[in-house]
Amino acid sequence: MKRFTAVGRNTGFRCDNCGREVPPLKVGGCRNHCPFCLYSRHVDIDPGDRANECGGLMEPLGVVTDARKGYVIVHRCESCGEVKRNRATLDDPECPDDFDVILEMSRRPVQG
């Protein structure tokens with residue numbers, strides 16, 4: 001059973017793909033992808049634990065919709081190939097995910 005671990009993990013970062021500064025989330029959880037380009041880093045085994053040593057760049061393959069979670073970004077690690085799904089962050093008052101990028105990504109067929 002996966003457990004979400006966010007204690008002390010909600011920090012800002014510089015995106016390794018686009019280079020922009022990404023602030024921590026203001027509401028719930030911890031940020032796991034860039035809100036501007038949607039790229040991520042392969043740093044979690046379970047959500048929020050930052051225990052994965054891979055550290056590869058996670059390319060956003062596309063966006064799917066989920067009745068309970070809303071928009072979900074599908075990422076594939078460029079280093080090890082693992083595919084993960086992460087809920088889009090559209091409700092953050094300071095820096096939500098770019099909805100135009102979410103819509104564009106949702107038009108791509110997702111494999112994996």
# chains A, B, ... in the order shown; residues from 1 in each chain; ligands from 1
>>> residues_around(residues="Cys15 in chain A", least_positions_apart="6", cutoff="10 Å", atoms="only C-alpha atoms", output="list of chain:residue names")
A:Glu21, A:Val22, A:His33, A:Cys34, A:Pro35, A:Phe36, A:Cys37, A:Leu38, A:Tyr39, A:Ser40, A:Arg41, A:Leu57
>>> select_by_dssp(residues="chain A", states="helix (DSSP H, G or I)", output="PyMOL selection string")
chain A and resi 99-106
>>> write_last_selection(atoms="all heavy atoms", output="tab-separated table (two decimals), in the first residue's frame")
chain	number	residue	atom	x	y	z
A	99	PHE	N	-2.69	25.80	-17.36
A	99	PHE	CA	-3.83	25.07	-17.90
A	99	PHE	C	-3.76	24.92	-19.41
A	99	PHE	O	-4.22	23.93	-19.96
A	99	PHE	CB	-5.14	25.74	-17.48
A	99	PHE	CG	-6.35	24.88	-17.75
A	99	PHE	CD1	-6.51	23.67	-17.10
A	99	PHE	CD2	-7.31	25.29	-18.65
A	99	PHE	CE1	-7.62	22.87	-17.36
A	99	PHE	CE2	-8.42	24.50	-18.90
A	99	PHE	CZ	-8.57	23.27	-18.26
A	100	ASP	N	-3.16	25.88	-20.11
A	100	ASP	CA	-3.00	25.76	-21.56
A	100	ASP	C	-2.10	24.57	-21.91
A	100	ASP	O	-2.36	23.84	-22.87
A	100	ASP	CB	-2.43	27.04	-22.16
A	100	ASP	CG	-3.43	28.20	-22.12
A	100	ASP	OD1	-4.65	27.93	-22.11
A	100	ASP	OD2	-2.98	29.35	-22.09
A	101	VAL	N	-1.05	24.36	-21.12
A	101	VAL	CA	-0.16	23.21	-21.34
A	101	VAL	C	-0.91	21.91	-21.03
A	101	VAL	O	-0.79	20.93	-21.76
A	101	VAL	CB	1.14	23.33	-20.51
A	101	VAL	CG1	2.01	22.10	-20.66
A	101	VAL	CG2	1.91	24.59	-20.88
A	102	ILE	N	-1.69	21.91	-19.94
A	102	ILE	CA	-2.50	20.73	-19.59
A	102	ILE	C	-3.44	20.38	-20.75
A	102	ILE	O	-3.52	19.22	-21.17
A	102	ILE	CB	-3.33	20.99	-18.31
A	102	ILE	CG1	-2.42	21.18	-17.10
A	102	ILE	CG2	-4.36	19.89	-18.07
A	102	ILE	CD1	-1.81	19.94	-16.53
A	103	LEU	N	-4.14	21.37	-21.29
A	103	LEU	CA	-5.07	21.11	-22.40
A	103	LEU	C	-4.34	20.58	-23.63
A	103	LEU	O	-4.81	19.64	-24.28
A	103	LEU	CB	-5.86	22.37	-22.74
A	103	LEU	CG	-6.93	22.78	-21.75
A	103	LEU	CD1	-7.61	24.06	-22.19
A	103	LEU	CD2	-7.94	21.67	-21.53
A	104	GLU	N	-3.21	21.18	-23.96
A	104	GLU	CA	-2.43	20.71	-25.11
A	104	GLU	C	-1.97	19.27	-24.91
A	104	GLU	O	-2.07	18.43	-25.80
A	104	GLU	CB	-1.22	21.63	-25.35
A	104	GLU	CG	-0.35	21.20	-26.49
A	104	GLU	CD	-1.06	21.18	-27.84
A	104	GLU	OE1	-1.95	22.01	-28.06
A	104	GLU	OE2	-0.71	20.31	-28.67
A	105	MET	N	-1.48	18.97	-23.71
A	105	MET	CA	-1.02	17.60	-23.41
A	105	MET	C	-2.16	16.61	-23.43
A	105	MET	O	-1.97	15.45	-23.77
A	105	MET	CB	-0.33	17.57	-22.04
A	105	MET	CG	0.95	18.36	-21.94
A	105	MET	SD	2.34	17.61	-22.79
A	105	MET	CE	2.52	16.11	-21.92
A	106	SER	N	-3.37	17.04	-23.07
A	106	SER	CA	-4.52	16.12	-23.03
A	106	SER	C	-4.93	15.68	-24.43
A	106	SER	O	-5.66	14.70	-24.58
A	106	SER	CB	-5.69	16.76	-22.29
A	106	SER	OG	-6.25	17.81	-23.04
>>> select_by_dssp(residues="range 10-77 of chain A", states="strand (DSSP E or B)", output="MDAnalysis selection string")
chainID A and resid 13:14 21:22 33 40:41 57:66 70:77
>>> write_last_selection(atoms="N, CA, C and O atoms", output="tab-separated table (two decimals), in the first residue's frame")
chain	number	residue	atom	x	y	z
A	13	PHE	N	12.02	24.49	-6.12
A	13	PHE	CA	13.16	23.95	-6.86
A	13	PHE	C	13.29	24.67	-8.20
A	13	PHE	O	12.39	25.38	-8.62
A	14	ARG	N	14.42	24.48	-8.85
A	14	ARG	CA	14.62	24.99	-10.20
A	14	ARG	C	14.39	23.80	-11.15
A	14	ARG	O	14.97	22.74	-10.98
A	21	GLU	N	12.23	28.89	-11.83
A	21	GLU	CA	12.09	28.67	-10.39
A	21	GLU	C	10.66	28.26	-10.09
A	21	GLU	O	9.72	28.91	-10.55
A	22	VAL	N	10.51	27.20	-9.32
A	22	VAL	CA	9.20	26.65	-8.98
A	22	VAL	C	9.01	26.78	-7.46
A	22	VAL	O	9.78	26.21	-6.70
A	33	HIS	N	6.25	18.31	-9.82
A	33	HIS	CA	6.53	18.60	-11.23
A	33	HIS	C	6.49	20.11	-11.46
A	33	HIS	O	5.95	20.85	-10.65
A	40	SER	N	9.19	16.54	-14.54
A	40	SER	CA	9.39	16.17	-13.16
A	40	SER	C	10.76	15.51	-13.02
A	40	SER	O	11.48	15.36	-14.01
A	41	ARG	N	11.12	15.11	-11.82
A	41	ARG	CA	12.31	14.33	-11.54
A	41	ARG	C	11.88	13.03	-10.90
A	41	ARG	O	10.94	13.00	-10.10
A	57	LEU	N	15.17	12.62	-15.35
A	57	LEU	CA	14.18	13.59	-15.78
A	57	LEU	C	12.94	12.83	-16.25
A	57	LEU	O	13.04	11.87	-17.02
A	58	MET	N	11.78	13.24	-15.76
A	58	MET	CA	10.51	12.59	-16.10
A	58	MET	C	9.80	13.43	-17.16
A	58	MET	O	9.35	14.54	-16.88
A	59	GLU	N	9.72	12.89	-18.38
A	59	GLU	CA	9.08	13.59	-19.49
A	59	GLU	C	7.57	13.43	-19.41
A	59	GLU	O	7.07	12.32	-19.23
A	60	PRO	N	6.80	14.52	-19.54
A	60	PRO	CA	5.35	14.37	-19.57
A	60	PRO	C	4.93	13.80	-20.93
A	60	PRO	O	5.21	14.39	-21.98
A	61	LEU	N	4.31	12.63	-20.90
A	61	LEU	CA	3.86	11.98	-22.14
A	61	LEU	C	2.51	12.50	-22.59
A	61	LEU	O	2.20	12.54	-23.77
A	62	GLY	N	1.69	12.86	-21.61
A	62	GLY	CA	0.34	13.33	-21.91
A	62	GLY	C	-0.43	13.52	-20.63
A	62	GLY	O	0.10	13.37	-19.54
A	63	VAL	N	-1.69	13.85	-20.79
A	63	VAL	CA	-2.59	14.08	-19.65
A	63	VAL	C	-3.85	13.27	-19.88
A	63	VAL	O	-4.39	13.27	-20.99
A	64	VAL	N	-4.28	12.57	-18.84
A	64	VAL	CA	-5.55	11.84	-18.89
A	64	VAL	C	-6.47	12.43	-17.83
A	64	VAL	O	-6.02	13.12	-16.92
A	65	THR	N	-7.76	12.18	-17.97
A	65	THR	CA	-8.69	12.65	-16.96
A	65	THR	C	-9.16	11.47	-16.12
A	65	THR	O	-9.31	10.35	-16.61
A	66	ASP	N	-9.38	11.75	-14.86
A	66	ASP	CA	-9.82	10.75	-13.90
A	66	ASP	C	-11.03	11.35	-13.17
A	66	ASP	O	-10.98	12.52	-12.76
A	70	GLY	N	-9.32	14.33	-11.42
A	70	GLY	CA	-9.26	15.39	-12.42
A	70	GLY	C	-8.20	15.09	-13.46
A	70	GLY	O	-8.05	13.96	-13.91
A	71	TYR	N	-7.41	16.10	-13.81
A	71	TYR	CA	-6.34	15.91	-14.80
A	71	TYR	C	-5.15	15.22	-14.15
A	71	TYR	O	-4.71	15.62	-13.06
A	72	VAL	N	-4.63	14.20	-14.82
A	72	VAL	CA	-3.50	13.43	-14.31
A	72	VAL	C	-2.41	13.42	-15.39
A	72	VAL	O	-2.67	13.03	-16.53
A	73	ILE	N	-1.21	13.85	-15.01
A	73	ILE	CA	-0.08	13.90	-15.94
A	73	ILE	C	0.62	12.55	-15.93
A	73	ILE	O	0.94	12.01	-14.87
A	74	VAL	N	0.87	12.00	-17.11
A	74	VAL	CA	1.58	10.73	-17.24
A	74	VAL	C	3.02	11.06	-17.62
A	74	VAL	O	3.27	11.72	-18.63
A	75	HIS	N	3.97	10.63	-16.77
A	75	HIS	CA	5.40	10.87	-16.98
A	75	HIS	C	6.13	9.56	-17.26
A	75	HIS	O	5.76	8.53	-16.71
A	76	ARG	N	7.20	9.65	-18.06
A	76	ARG	CA	8.11	8.50	-18.25
A	76	ARG	C	9.53	8.98	-17.93
A	76	ARG	O	9.97	10.01	-18.44
A	77	CYS	N	10.23	8.21	-17.12
A	77	CYS	CA	11.60	8.55	-16.75
A	77	CYS	C	12.52	8.34	-17.94
A	77	CYS	O	12.54	7.26	-18.54
>>> atom_distance(atom1="CA of Glu82 in chain A", atom2="CA of Glu53 in chain A")
13.0 Å
>>> atom_distance(atom1="CA of Thr89 in chain A", atom2="CA of Gly48 in chain A")
14.5 Å
>>> residues_around(residues="Asp91 in chain A", least_positions_apart="4", cutoff="10 Å", atoms="only C-alpha atoms", output="MDAnalysis selection string")
chainID A and resid 25:28 95:97
>>> write_last_selection(atoms="N, CA, C and O atoms", output="compact mmCIF listing (two decimals), in the first residue's frame")
# COMPACT_ATOMS: atom_id res chain seq x y z
N LEU A 25 4.18 24.32 -3.02
CA LEU A 25 2.72 24.45 -3.05
C LEU A 25 2.24 25.24 -1.83
O LEU A 25 2.79 25.12 -0.75
N LYS A 26 1.20 26.01 -2.03
CA LYS A 26 0.57 26.73 -0.93
C LYS A 26 -0.57 25.92 -0.31
O LYS A 26 -0.97 26.18 0.81
N VAL A 27 -1.12 24.96 -1.07
CA VAL A 27 -2.23 24.15 -0.58
C VAL A 27 -1.90 22.66 -0.69
O VAL A 27 -1.52 22.18 -1.74
N GLY A 28 -2.00 21.93 0.42
CA GLY A 28 -1.86 20.48 0.45
C GLY A 28 -0.62 19.91 -0.20
O GLY A 28 0.02 20.53 -1.01
N CYS A 95 0.91 29.45 -7.76
CA CYS A 95 1.53 28.99 -9.00
C CYS A 95 0.90 27.67 -9.46
O CYS A 95 1.50 26.60 -9.33
N PRO A 96 -0.32 27.72 -10.01
CA PRO A 96 -0.96 26.49 -10.49
C PRO A 96 -0.29 26.01 -11.78
O PRO A 96 0.43 26.76 -12.44
N ASP A 97 -0.54 24.76 -12.13
CA ASP A 97 -0.06 24.25 -13.42
C ASP A 97 -0.66 25.09 -14.54
O ASP A 97 -1.80 25.54 -14.45
>>> atom_distance(atom1="CA of Pro24 in chain A", atom2="CA of Pro93 in chain A")
11.2 Å
>>> closest_residue(among="A:Asn17, A:Asn10, A:Ser79, A:Ala67", to="Arg50 in chain A", atoms="only C-alpha atoms")
A:Asn10
